[in-house]
Amino acid sequence: MRAQPRGTDGSLLVSLPWTIGALGVSLAPHVPYLALWISAAVVGCAAWRYIIEKRRGILPSRWVRGGLALVCFLGVFGTYSAISGVGPGSALLAIMAAMKLLETRKRRDQFVLLFISIFLVMSSLLREQYLWSLPYLLISTLIILTAWLRMSAEKSETAKQSFATGGRLLLYAAPLAIAMWVFFPRLATPFWAVPIDTSQATSGLSDTMSPGDISSLSMSDAVAFRVRFDDEIPDSRDRYWRGLVLTRFNGRTWTGSEPRIDSSALQQIAARGDPVSYEITMEPTRQQWVFAMEMPADWSLERTFMGPQQQLSRVTPIEQRIAYKVVSYPDYVLQSELSSLARQWYTSVPENGNERTRDLARAMRSDAGSDTAFIDAVLAKFHEEQYFYTLQPPALGSDPVDRFLFDTRQGFCEHYASAFAFMMRSVGIPSRVVLGYQGGEVNPMGGHLIVRQSDAHAWTEVWLERYGWYRVDPTSAVAPERIEYGARGAAIDGVGVGWGFTAPSKLLQQLTMTWDVLNAKWNEWVLGYGPDTQKGFMEWLGMSDPSWRKMLLTLVISVVSLILVISGLMMLRCRAPAKDRASVLYDRFVKKAGLERRTGETALEYARRAKSHGTIPESTVSSVTVAYLDARYGPDDDGALGRLKHAVAAIRVRATA
Amino acid sequence: MQRAKTIENLPTSVDAQRDAVLRAQRTMGKIILGKDEQISLALACLLARGHLLIEDLPGLGKTILAQSLARTLGLTFRRIQFTSDMLPADIIGVSVFRQDSGKFEFQPGPVFSQLVLADEVNRATPKAQSALLEAMEEYQVSVDGETRPLPKPFFVVATQNPGDQIGTFPLPESQLDRFLMRVAIGYPDETSEREIIAGDDRRQLLDDIEAAMAPETLVELQKAVRKQHVSAALIDYVQALVRHTRESADIEIGLSPRGAQALVAAARARSFIENHSGVYPDDIQAVFASVAGHRLKPAGSTRFRSPSELCQHVLDSVAIP
């Protein structure tokens with residue numbers, strides 16, 4: 001009879017669900033980035049394999065598997081048009097794991113699957129290393145370990161026991177991992193560069209602004225950056241975080257120019273008053289813009305320059321979390337001289353379109369008499385007339401400024417900034433739109449400022465004789481609370497009431513803040529543990545002049561000593577609990593008899609075997625056994641123990657023939 | 001008074017009592033050939049004040065075993081043949097109106113005897129079964145609002161054919177629990193079978209049996225059995241066994257604390273019969289299959305075909321502490 005190589009016998013039913021579960025857990029963080037068909041294929045293969053095992057069916061043939069693998073490989077190549085990089089790499093791993101499931105017959109195949117699982121878990125760190133990555137890593141490793149133990153578990157071992165063993169193993173490994181992490185020398189230049197998946201856009205500011213096209217103001221709570229001020233945190237109305245500046249308007253869309261260096265930009269800032277210094281930890285944006293409070297005069301980020309409109313940008317996009325120090329002057333005069341060419345550039349508007357607004361602006365300007373009075377009049381119009389701040393304004397169609405100012409009268413910062421700047425330009429006042437963030441929330445626990453995506457803001461700058469570029473925020477005329485309390489406060493008032501929400505409870509607020517502090521600490525201490533921090537930490541530990549050699553040596557010494565300590569502890573744990581004297585004596589007898597005791601074998605059964613084994617005379621075996629049973633199981637009686645002692649001492653091992 | 005006397009005379013009288021047990025064992029061994037283990041278990045069950053369930057195919061000597069037990073122990077014996085049309089009154093008894101006295105008079109049913117053989121207990125309806133099972137639990141029956149105690153000692157030996165035969169009502173698990181032991185008899189070995197075929201009718205032999213002891217002796221024996229020493233080490237072992245039955249993947253429902261109690265009680269009786277200085281792990285192992293076999297619910301996926309195989313596996317996988 002030929003053995004059926006593809007048949008299943010249900011013997012994997014105990015461990016297979018765990019293996020599949022481990023694979024699922026390790027794939028979970030990749031799922032949002034994977035093409036849908038890949039996740040579907042993995043789920044399909046897992047279900048297929050499980051059903052085969054359940055029904056004791058046979059596995060697909062080599063040709064089927066080969067064909068599927070080829071199709072999937074081409075599918076990955078077609079989807080990503082590459083096979084290297086984090087995206088296609090994880091997709092390939094996922095597909096390979098799914099295919100491997102279809103030929104999993106033995107324990108060895110499951111080992112391979114669990115290896116892939118561990119690899120997938122680790123590769124998720126190439127994408128992101130958030131605070132929750134740590135618990136995720138622990139839990140997924142624990143599940144994979146449990147699956148591993150389930151495979152080699154005895155029939156009687158329960159899943160709970162395997163899980164506990166896995167947890168214990170993980171605990172033993174934890175000190176080693178921490179030692180490795182602390183002492184492994186960090187290099188300023190990494191060993192390898194991780195190809196980053198750029199197809200996935202992160203939320204950030206867009207490079208253009210078209211009020212009315214889509215009504216999307218980010219309500220995302222995602223953190224844009226955190227700020228730690230050296231001294232007091234400035235007032236909310238001073239916290240304008242300058243991002244990019246939009247200078248061209250085509251009647252519908254405001255656009256800026258590509259980031260370029262302008263060496264004269266810094267000289268255009270005339271500082272007045274005291275500087276404010278602070279450190280920003282910025283989340284990756286995949287854009288070049290670098291944010292700073294107006295007006296930045298000095299910054300510590302490398303390869304970062306100031307553009308002609310005092311916007312900061314870095315040469316390369318910000319792909320990873322960065323931290324930099326900035327010195328800003330909240331009180332400043334910017335570019336008191338403006339060339340006629342620049343003046344023409346900053347007042348240019350399209351030939352036609354938005355006619356009603358132009359007429360209105362001209363009329364208001366002639367009524368006002370001066371530029372400043374005109375600005376005040378426009379702001380007063382926004383303030384006094386029926387204009388509303390809302391996060392869900394209606395779409396505007398053609399002539400968006402006209403539609404907004406005269407018809408809909410509802411909008412958020414972009415609408416007001418755009419309308420205001422257009423009105424200024426219509427009467428020849430140079431103006432531009434600035435995009436960035438405004439305000440931010442103070443975390444009372446961490447003492448730092450959190451600026452979220454929902455704090456994104458647009459305001460305007462107008463150039464006035466003697467004043468230079470002067471910041472005017474038309475939104476503050478409509479919704480002063482937006483500036484005073486931040487977007488969240490304003491939005492909750494505007495939106496929440498309509499939906500019947502109440503303000504978030506204090507507890508929730510506190511939880512959010514605690515979570516933020518944890519995140520900030522995580523960023524600062526764990527992710528920010530680079531060469532400098534490590535050096536500082538080593539010096540703090542008392543290592544003079546820490547070099548990578550010294551650190552490596554410390555690493556080896558501490559890992560070796562930790563292994564010794566842990567194995568010592570494990571040996572202590574594994575030692576059987578102190579036995580009573582009768583069983584110690586009996587064990588001595590068993591050792592002398594030279595015959596292993598079987599599990600569940602009673603003393604009487606053992607005596608029968610020992611007698612036929614013949615190492616010890618039968619009479620001795622009997623007397624030891626009787627004395628042992630009396631001493632251990634009989635009524636408390638010292639006499640029996642004495643007999644046992646005597647009998648064991650009298651054992652003479654017979655020379656075996 | 002009698003109790004005090006027993007304790008005073010314990011050293012000598014216990015040996016005499018044990019002799020009586022051994023005598024009973026020998027006598028029964030002459031009638032039921034080649035089934036010493038089952039006889040010993042059945043005696044241990046009664047000494048531990050437990051009820052006995054004998055389960056096997058027809059014709060293997062279930063009834064003979066029960067009858068010989070009654071004879072050798074000198075107990076009053078009634079046999080109830082369970083049928084599907086049986087009513088509780090057929091077991092417990094009924095109140096009859098007496099014309100001469102003008103009163104109801106209770107006519108005790110067959111349950112009012114020291115050893116009741118409930119033959120083919122799984123043939124009766126659950127209603128009739130439960131009348132018997134209540135008597136087993138309470139050692140008394142209630143008729144017409146009056147509680148009547150059952151004689152002492154009181155044993156039920158029930159026999160049943162394995163449940164997969166037609167027309168039977170298998171006992172539910174909760175009621176199986178009321179039997180201290182379940183014993184299967186099995187086919188005799190060849191020598192014994194030869195002797196059975198060639199020899200006298202077993203039922204005739206029964207008539208010639210002389211009681212090995214008086215019912216009072218049995219009660220004293222039961223008291224002595226309960227004094228059999230149980231050491232802490234043995235309790236460790238019982239706990240390890242019980243824990244294993246609860247955690248094993250092969251077993252869906254493990255032993256309850258009551259099951260563990262039953263295990264120790266039966267092992268005490270066995271240890272007494274074997275004249276051990278205390279209860280040994282051997283005693284636990286000897287009674288384990290018959291005490292635990294009907295109390296464990298094997299998992300659906302188990303690879304063990306019979307309860308005894310499963311029990312043996314449990315014994316083989318738990319180390320004796």
# chains A, B, ... in the order shown; residues from 1 in each chain; ligands from 1
$ closest_atom_pairs --of "chain B" --to "chain A" --cutoff "12 Å" --atoms "only C-alpha atoms" --output "CSV"
residue,atom,partner,partner_atom,distance
B:Lys227,CA,A:Pro635,CA,10.5
B:Gln228,CA,A:Pro635,CA,8.8
B:His229,CA,A:Pro635,CA,5.8
B:Val230,CA,A:Tyr633,CA,6.7
B:Ser231,CA,A:Tyr633,CA,5.1
B:Ala232,CA,A:Tyr633,CA,7.9
B:Ala233,CA,A:Tyr633,CA,6.7
B:Leu234,CA,A:Tyr633,CA,6.6
B:Ile235,CA,A:Tyr633,CA,9.8
B:Asp236,CA,A:Tyr633,CA,11.2
B:Tyr237,CA,A:Gly600,CA,9.7
B:Val238,CA,A:Gly600,CA,11.8
B:Ala240,CA,A:Gly600,CA,10.8
B:Leu241,CA,A:Gly600,CA,9.8
B:Arg243,CA,A:Ser156,CA,11.2
B:His244,CA,A:Ser156,CA,8.0
B:Thr245,CA,A:Ser156,CA,9.3
B:Arg246,CA,A:Thr158,CA,10.1
B:Glu247,CA,A:Thr158,CA,6.4
B:Ser248,CA,A:Ser156,CA,4.6
B:Ala249,CA,A:Ser156,CA,5.3
B:Asp250,CA,A:Ser156,CA,7.2
B:Ile251,CA,A:Ser156,CA,9.4
B:Glu252,CA,A:Ser156,CA,12.0
B:Arg268,CA,A:Tyr633,CA,11.8
B:Ser271,CA,A:Gly634,CA,10.8
B:Phe272,CA,A:Gly634,CA,12.0
B:Asn275,CA,A:Gly634,CA,11.3
B:His276,CA,A:Gly634,CA,8.0
B:Ser277,CA,A:Gly634,CA,4.9
B:Gly278,CA,A:Gly634,CA,4.2
B:Val279,CA,A:Tyr633,CA,6.2
B:Tyr280,CA,A:Tyr633,CA,6.0
B:Pro281,CA,A:Thr602,CA,6.1
B:Asp282,CA,A:Thr602,CA,6.0
B:Asp283,CA,A:Thr602,CA,9.7
B:Ile284,CA,A:Thr602,CA,10.0
B:Gln285,CA,A:Thr602,CA,8.6
B:Ala286,CA,A:Thr602,CA,10.8
B:Ala299,CA,A:Ser156,CA,11.9
B:Ser301,CA,A:Gly10,CA,9.9
B:Thr302,CA,A:Lys155,CA,10.0
B:Arg303,CA,A:Lys155,CA,10.6
B:Cys311,CA,A:Gly600,CA,11.8
B:Gln312,CA,A:Gly600,CA,9.7
B:His313,CA,A:Gly600,CA,9.6
B:Val314,CA,A:Gly600,CA,8.6
B:Leu315,CA,A:Gly600,CA,5.6
B:Asp316,CA,A:Gly600,CA,4.8
B:Ser317,CA,A:Thr599,CA,5.9
B:Val318,CA,A:Gly600,CA,5.3
B:Ala319,CA,A:Gly600,CA,4.5
B:Ile320,CA,A:Gly600,CA,5.5
B:Pro321,CA,A:Ser583,CA,8.8
$ residues_around --residues "range 22-37 of chain B" --least-positions-apart "2" --cutoff "9 Å" --atoms "only C-alpha atoms" --output "PyMOL selection string"
chain B and resi 17-20+39-43+61+64-65+68-69+72-73+185-186+188-189+191-193+195-196+202-203+205-206+209-213+273
$ atom_distance --atom1 "CA of Ala16 in chain B" --atom2 "CA of Cys45 in chain B"
19.7 Å
$ closest_residue --among "B:Arg123, B:Arg305, B:His294, B:His51" --to "Asp85 in chain B" --atoms "only C-alpha atoms"
B:Arg123
$ atom_distance --atom1 "CA of Arg6 in chain A" --atom2 "CA of Ala94 in chain A"
23.1 Å
$ residues_around --residues "Met424 in chain A" --least-positions-apart "4" --cutoff "9 Å" --atoms "only C-alpha atoms" --output "PyMOL selection string"
chain A and resi 347+361+371+374-375+419-420+428-431+462
$ write_last_selection --atoms "N, CA and C atoms" --output "PDB file, in the first residue's frame"
ATOM      1  N   THR A 347      -0.454  91.694  -5.880  1.00  0.00           N
ATOM      2  CA  THR A 347      -1.791  92.249  -6.067  1.00  0.00           C
ATOM      3  C   THR A 347      -2.466  91.681  -7.297  1.00  0.00           C
ATOM      4  N   ALA A 361     -15.454  95.486  -3.002  1.00  0.00           N
ATOM      5  CA  ALA A 361     -14.181  95.905  -2.422  1.00  0.00           C
ATOM      6  C   ALA A 361     -13.891  97.349  -2.822  1.00  0.00           C
ATOM      7  N   ASP A 371      -6.184 102.464   3.594  1.00  0.00           N
ATOM      8  CA  ASP A 371      -6.045 101.004   3.550  1.00  0.00           C
ATOM      9  C   ASP A 371      -6.395 100.372   4.896  1.00  0.00           C
ATOM     10  N   PHE A 374      -9.969 100.429   5.547  1.00  0.00           N
ATOM     11  CA  PHE A 374     -10.636  99.454   4.667  1.00  0.00           C
ATOM     12  C   PHE A 374     -10.537  98.053   5.265  1.00  0.00           C
ATOM     13  N   ILE A 375      -9.335  97.700   5.763  1.00  0.00           N
ATOM     14  CA  ILE A 375      -9.159  96.379   6.381  1.00  0.00           C
ATOM     15  C   ILE A 375     -10.108  96.232   7.569  1.00  0.00           C
ATOM     16  N   ALA A 419     -11.285  84.926   0.647  1.00  0.00           N
ATOM     17  CA  ALA A 419     -12.115  86.081   0.311  1.00  0.00           C
ATOM     18  C   ALA A 419     -11.422  87.378   0.714  1.00  0.00           C
ATOM     19  N   PHE A 420     -10.831  87.347   1.909  1.00  0.00           N
ATOM     20  CA  PHE A 420     -10.184  88.549   2.412  1.00  0.00           C
ATOM     21  C   PHE A 420      -9.013  88.942   1.522  1.00  0.00           C
ATOM     22  N   GLY A 428      -5.719  96.679  -4.702  1.00  0.00           N
ATOM     23  CA  GLY A 428      -4.303  96.990  -4.821  1.00  0.00           C
ATOM     24  C   GLY A 428      -3.497  96.886  -3.544  1.00  0.00           C
ATOM     25  N   ILE A 429      -4.022  96.247  -2.545  1.00  0.00           N
ATOM     26  CA  ILE A 429      -3.222  96.043  -1.333  1.00  0.00           C
ATOM     27  C   ILE A 429      -2.528  94.679  -1.463  1.00  0.00           C
ATOM     28  N   PRO A 430      -1.198  94.602  -1.390  1.00  0.00           N
ATOM     29  CA  PRO A 430      -0.505  93.316  -1.519  1.00  0.00           C
ATOM     30  C   PRO A 430      -0.959  92.381  -0.404  1.00  0.00           C
ATOM     31  N   SER A 431      -1.274  91.182  -0.780  1.00  0.00           N
ATOM     32  CA  SER A 431      -1.710  90.226   0.240  1.00  0.00           C
ATOM     33  C   SER A 431      -1.356  88.812  -0.189  1.00  0.00           C
ATOM     34  N   VAL A 462      -1.123  90.989   4.874  1.00  0.00           N
ATOM     35  CA  VAL A 462      -1.237  92.136   3.948  1.00  0.00           C
ATOM     36  C   VAL A 462      -0.023  93.036   4.159  1.00  0.00           C
TER      37      VAL A 462
END
$ closest_residue --among "B:Gly102, B:Gly74, B:Pro88, B:Gly199" --to "Glu134 in chain B" --atoms "only C-alpha atoms"
B:Pro88
$ closest_atom_pairs --of "range 253-313 of chain B" --to "range 165-181 of chain B" --cutoff "8 Å" --atoms "only C-alpha atoms" --output "Markdown table"
| residue | atom | partner | partner_atom | distance |
| --- | --- | --- | --- | --- |
| B:Gly259 | CA | B:Asp177 | CA | 7.9 |
| B:Ala262 | CA | B:Leu180 | CA | 6.3 |
| B:Ala266 | CA | B:Leu180 | CA | 7.6 |
| B:Ser290 | CA | B:Met181 | CA | 5.1 |
| B:Val291 | CA | B:Met181 | CA | 4.6 |
| B:Ala292 | CA | B:Met181 | CA | 7.9 |
| B:His294 | CA | B:Leu176 | CA | 6.7 |
| B:Arg295 | CA | B:Asp177 | CA | 6.3 |
$ residues_around --residues "range 545-556 of chain A" --least-positions-apart "4" --cutoff "8 Å" --atoms "only C-alpha atoms" --output "number ranges by chain"
A: 179-180, 183-186, 535, 538-539, 560
$ atom_distance --atom1 "CA of Val349 in chain A" --atom2 "CA of Phe249 in chain A"
6.3 Å
$ residues_around --residues "Glu279 in chain A" --least-positions-apart "2" --cutoff "10 Å" --atoms "only C-alpha atoms" --output "list in words"
Arg226, Val227, Arg228, Phe229, Asp230, Ser277, Thr281, Met282, Ala292, Trp299, Ser300, Ala323, Tyr324, Lys325, Val326, Val327 and His448 of chain A
$ write_last_selection --atoms "all heavy atoms" --output "compact mmCIF listing (two decimals), in the first residue's frame"
# COMPACT_ATOMS: atom_id res chain seq x y z
N ARG A 226 4.36 68.19 18.42
CA ARG A 226 4.32 68.57 19.82
C ARG A 226 5.39 69.61 20.05
O ARG A 226 6.44 69.57 19.43
CB ARG A 226 4.56 67.36 20.73
CG ARG A 226 3.46 66.33 20.68
CD ARG A 226 3.69 65.27 21.73
NE ARG A 226 2.60 64.32 21.75
CZ ARG A 226 2.51 63.27 20.93
NH1 ARG A 226 3.45 63.06 20.05
NH2 ARG A 226 1.48 62.43 21.02
N VAL A 227 5.12 70.54 20.97
CA VAL A 227 6.07 71.62 21.22
C VAL A 227 6.34 71.69 22.71
O VAL A 227 5.42 71.66 23.52
CB VAL A 227 5.51 72.98 20.76
CG1 VAL A 227 6.61 74.00 20.71
CG2 VAL A 227 4.82 72.85 19.42
N ARG A 228 7.61 71.78 23.04
CA ARG A 228 7.98 72.00 24.43
C ARG A 228 8.70 73.34 24.50
O ARG A 228 9.77 73.52 23.90
CB ARG A 228 8.88 70.88 24.92
CG ARG A 228 9.19 70.95 26.40
CD ARG A 228 9.98 69.75 26.84
NE ARG A 228 9.18 68.53 26.77
CZ ARG A 228 8.30 68.19 27.71
NH1 ARG A 228 8.11 68.96 28.75
NH2 ARG A 228 7.61 67.08 27.59
N PHE A 229 8.08 74.28 25.19
CA PHE A 229 8.68 75.61 25.29
C PHE A 229 9.68 75.64 26.43
O PHE A 229 9.49 75.01 27.47
CB PHE A 229 7.58 76.65 25.56
CG PHE A 229 6.74 76.92 24.34
CD1 PHE A 229 5.58 76.21 24.12
CD2 PHE A 229 7.14 77.87 23.41
CE1 PHE A 229 4.81 76.44 23.00
CE2 PHE A 229 6.37 78.11 22.29
CZ PHE A 229 5.20 77.39 22.08
N ASP A 230 10.76 76.40 26.20
CA ASP A 230 11.76 76.50 27.27
C ASP A 230 11.18 77.27 28.45
O ASP A 230 11.46 76.95 29.60
CB ASP A 230 13.02 77.21 26.76
CG ASP A 230 13.77 76.32 25.79
OD1 ASP A 230 13.29 75.19 25.56
OD2 ASP A 230 14.80 76.76 25.25
N SER A 277 12.04 80.44 22.72
CA SER A 277 12.69 79.24 22.18
C SER A 277 11.93 77.99 22.63
O SER A 277 11.36 77.95 23.72
CB SER A 277 14.16 79.18 22.60
OG SER A 277 14.25 79.30 23.99
N THR A 281 8.64 68.39 18.12
CA THR A 281 8.77 67.00 17.66
C THR A 281 7.68 66.79 16.64
O THR A 281 6.50 66.78 16.97
CB THR A 281 8.59 66.02 18.82
OG1 THR A 281 9.38 66.48 19.91
CG2 THR A 281 9.01 64.64 18.42
N MET A 282 8.09 66.64 15.41
CA MET A 282 7.11 66.66 14.32
C MET A 282 6.90 65.25 13.78
O MET A 282 7.85 64.50 13.58
CB MET A 282 7.64 67.57 13.23
CG MET A 282 6.67 67.88 12.15
SD MET A 282 7.42 69.10 11.07
CE MET A 282 6.77 68.55 9.53
N ALA A 292 7.08 76.32 12.23
CA ALA A 292 7.67 77.09 13.32
C ALA A 292 6.73 78.23 13.64
O ALA A 292 5.96 78.68 12.78
CB ALA A 292 9.04 77.63 12.92
N TRP A 299 16.93 77.99 13.68
CA TRP A 299 16.42 76.63 13.83
C TRP A 299 17.57 75.63 13.74
O TRP A 299 18.59 75.92 13.13
CB TRP A 299 15.35 76.34 12.77
CG TRP A 299 15.82 76.61 11.37
CD1 TRP A 299 16.39 75.73 10.52
CD2 TRP A 299 15.78 77.87 10.69
NE1 TRP A 299 16.70 76.34 9.35
CE2 TRP A 299 16.34 77.66 9.42
CE3 TRP A 299 15.33 79.16 11.04
CZ2 TRP A 299 16.47 78.69 8.49
CZ3 TRP A 299 15.47 80.17 10.10
CH2 TRP A 299 16.02 79.93 8.85
N SER A 300 17.35 74.46 14.38
CA SER A 300 18.47 73.52 14.52
C SER A 300 18.41 72.39 13.51
O SER A 300 19.30 71.54 13.49
CB SER A 300 18.46 72.93 15.93
OG SER A 300 17.33 72.09 16.07
N ALA A 323 12.89 65.99 15.47
CA ALA A 323 12.83 66.97 16.55
C ALA A 323 13.82 68.08 16.22
O ALA A 323 14.90 67.80 15.71
CB ALA A 323 13.19 66.31 17.87
N TYR A 324 13.40 69.31 16.44
CA TYR A 324 14.31 70.43 16.18
C TYR A 324 13.98 71.58 17.11
O TYR A 324 12.86 71.70 17.61
CB TYR A 324 14.23 70.86 14.71
CG TYR A 324 12.82 71.13 14.21
CD1 TYR A 324 12.29 72.42 14.23
CD2 TYR A 324 12.04 70.09 13.73
CE1 TYR A 324 11.01 72.67 13.78
CE2 TYR A 324 10.75 70.33 13.28
CZ TYR A 324 10.24 71.61 13.30
OH TYR A 324 8.98 71.84 12.87
N LYS A 325 14.98 72.42 17.31
CA LYS A 325 14.82 73.57 18.19
C LYS A 325 14.67 74.82 17.34
O LYS A 325 15.31 74.94 16.29
CB LYS A 325 16.06 73.71 19.09
CG LYS A 325 16.10 72.75 20.26
CD LYS A 325 17.26 73.12 21.16
CE LYS A 325 17.11 72.63 22.56
NZ LYS A 325 17.06 71.23 22.77
N VAL A 326 13.82 75.72 17.78
CA VAL A 326 13.58 76.95 17.03
C VAL A 326 13.60 78.12 18.00
O VAL A 326 13.20 77.98 19.15
CB VAL A 326 12.22 76.90 16.29
CG1 VAL A 326 12.08 78.10 15.36
CG2 VAL A 326 12.06 75.62 15.53
N VAL A 327 14.07 79.25 17.51
CA VAL A 327 13.93 80.50 18.25
C VAL A 327 13.07 81.43 17.40
O VAL A 327 13.37 81.63 16.22
CB VAL A 327 15.30 81.15 18.53
CG1 VAL A 327 15.13 82.47 19.24
CG2 VAL A 327 16.17 80.21 19.35
N HIS A 448 3.51 70.17 27.75
CA HIS A 448 3.86 70.54 26.39
C HIS A 448 2.59 70.90 25.61
O HIS A 448 1.47 70.78 26.12
CB HIS A 448 4.60 69.41 25.70
CG HIS A 448 3.83 68.13 25.66
ND1 HIS A 448 3.96 67.16 26.62
CD2 HIS A 448 2.91 67.69 24.79
CE1 HIS A 448 3.15 66.16 26.34
NE2 HIS A 448 2.50 66.46 25.24
$ select_by_dssp --residues "range 75-110 of chain B" --states "helix (DSSP H, G or I)" --output "VMD selection string"
chain B and resid 88 to 92
$ residues_around --residues "range 111-119 of chain B" --least-positions-apart "6" --cutoff "8 Å" --atoms "only C-alpha atoms" --output "NGL selection string"
:B and (63 or 66-67 or 70 or 75-82 or 91-93 or 132 or 150-160)
$ write_last_selection --atoms "N, CA and C atoms" --output "short mmCIF file (atom, residue, chain, number, x, y, z; two decimals), in the first residue's frame"
data_model
loop_
_atom_site.label_atom_id
_atom_site.label_comp_id
_atom_site.auth_asym_id
_atom_site.auth_seq_id
_atom_site.Cartn_x
_atom_site.Cartn_y
_atom_site.Cartn_z
N THR B 63 -26.69 -10.89 37.57
CA THR B 63 -27.65 -11.19 38.62
C THR B 63 -27.04 -12.13 39.65
N ALA B 66 -24.99 -10.21 42.12
CA ALA B 66 -25.79 -9.48 43.10
C ALA B 66 -26.36 -10.44 44.13
N GLN B 67 -26.87 -11.57 43.65
CA GLN B 67 -27.48 -12.52 44.57
C GLN B 67 -26.45 -13.10 45.52
N ALA B 70 -25.68 -10.76 48.33
CA ALA B 70 -26.70 -10.75 49.37
C ALA B 70 -26.56 -11.96 50.26
N LEU B 75 -27.77 -10.64 53.97
CA LEU B 75 -28.70 -9.51 53.93
C LEU B 75 -30.05 -9.98 53.40
N THR B 76 -31.13 -9.31 53.85
CA THR B 76 -32.42 -9.60 53.26
C THR B 76 -32.39 -9.09 51.84
N PHE B 77 -32.96 -9.86 50.95
CA PHE B 77 -32.73 -9.60 49.53
C PHE B 77 -34.06 -9.53 48.79
N ARG B 78 -34.25 -8.50 48.00
CA ARG B 78 -35.41 -8.46 47.12
C ARG B 78 -34.93 -8.08 45.74
N ARG B 79 -35.58 -8.66 44.79
CA ARG B 79 -35.18 -8.38 43.43
C ARG B 79 -36.32 -7.65 42.74
N ILE B 80 -36.02 -6.56 42.09
CA ILE B 80 -37.03 -5.86 41.31
C ILE B 80 -36.62 -5.97 39.85
N GLN B 81 -37.47 -6.61 39.11
CA GLN B 81 -37.20 -6.68 37.67
C GLN B 81 -37.80 -5.43 37.03
N PHE B 82 -36.96 -4.58 36.54
CA PHE B 82 -37.47 -3.33 35.96
C PHE B 82 -38.04 -3.58 34.58
N ILE B 91 -42.19 -0.05 43.30
CA ILE B 91 -40.90 -0.12 43.97
C ILE B 91 -41.05 0.23 45.44
N ILE B 92 -41.72 1.37 45.66
CA ILE B 92 -41.78 1.90 47.02
C ILE B 92 -42.84 1.19 47.86
N GLY B 93 -43.98 0.89 47.27
CA GLY B 93 -45.09 0.31 48.02
C GLY B 93 -46.30 1.22 47.90
N LEU B 132 -36.39 4.88 42.66
CA LEU B 132 -35.34 4.08 43.27
C LEU B 132 -34.14 4.95 43.63
N LEU B 150 -35.52 3.36 55.47
CA LEU B 150 -35.23 2.07 54.88
C LEU B 150 -34.39 1.27 55.87
N PRO B 151 -34.36 -0.04 55.74
CA PRO B 151 -33.56 -0.85 56.68
C PRO B 151 -32.08 -0.52 56.58
N LYS B 152 -31.35 -0.85 57.62
CA LYS B 152 -29.90 -0.64 57.64
C LYS B 152 -29.21 -1.98 57.72
N PRO B 153 -28.17 -2.25 57.06
CA PRO B 153 -27.66 -1.44 55.95
C PRO B 153 -28.59 -1.51 54.75
N PHE B 154 -28.43 -0.57 53.84
CA PHE B 154 -29.27 -0.57 52.65
C PHE B 154 -28.38 -0.40 51.42
N PHE B 155 -28.51 -1.37 50.53
CA PHE B 155 -27.71 -1.31 49.31
C PHE B 155 -28.59 -1.49 48.10
N VAL B 156 -28.22 -0.82 47.07
CA VAL B 156 -28.85 -1.11 45.79
C VAL B 156 -27.77 -1.62 44.86
N VAL B 157 -28.04 -2.78 44.31
CA VAL B 157 -27.16 -3.26 43.24
C VAL B 157 -28.01 -3.23 41.98
N ALA B 158 -27.67 -2.35 41.09
CA ALA B 158 -28.45 -2.26 39.86
C ALA B 158 -27.67 -2.91 38.74
N THR B 159 -28.38 -3.56 37.87
CA THR B 159 -27.68 -4.07 36.69
C THR B 159 -28.27 -3.39 35.48
N GLN B 160 -27.46 -3.20 34.50
CA GLN B 160 -28.03 -2.67 33.27
C GLN B 160 -27.27 -3.20 32.08
#
$ select_by_dssp --residues "range 195-370 of chain A" --states "strand (DSSP E or B)" --output "number ranges by chain"
A: 208-209, 223-229, 240-249, 254-256, 269-272, 276-282, 289-290, 292-293, 296-299, 304-306, 312-314, 322-328, 331-334
$ closest_residue --among "A:Thr253, A:Leu169, A:Phe406, A:Ser210" --to "Ser567 in chain A" --atoms "only C-alpha atoms"
A:Leu169
$ closest_residue --among "B:Asp90, B:Asp207, B:Glu105, B:Glu309" --to "Asp144 in chain B" --atoms "only C-alpha atoms"
B:Glu105
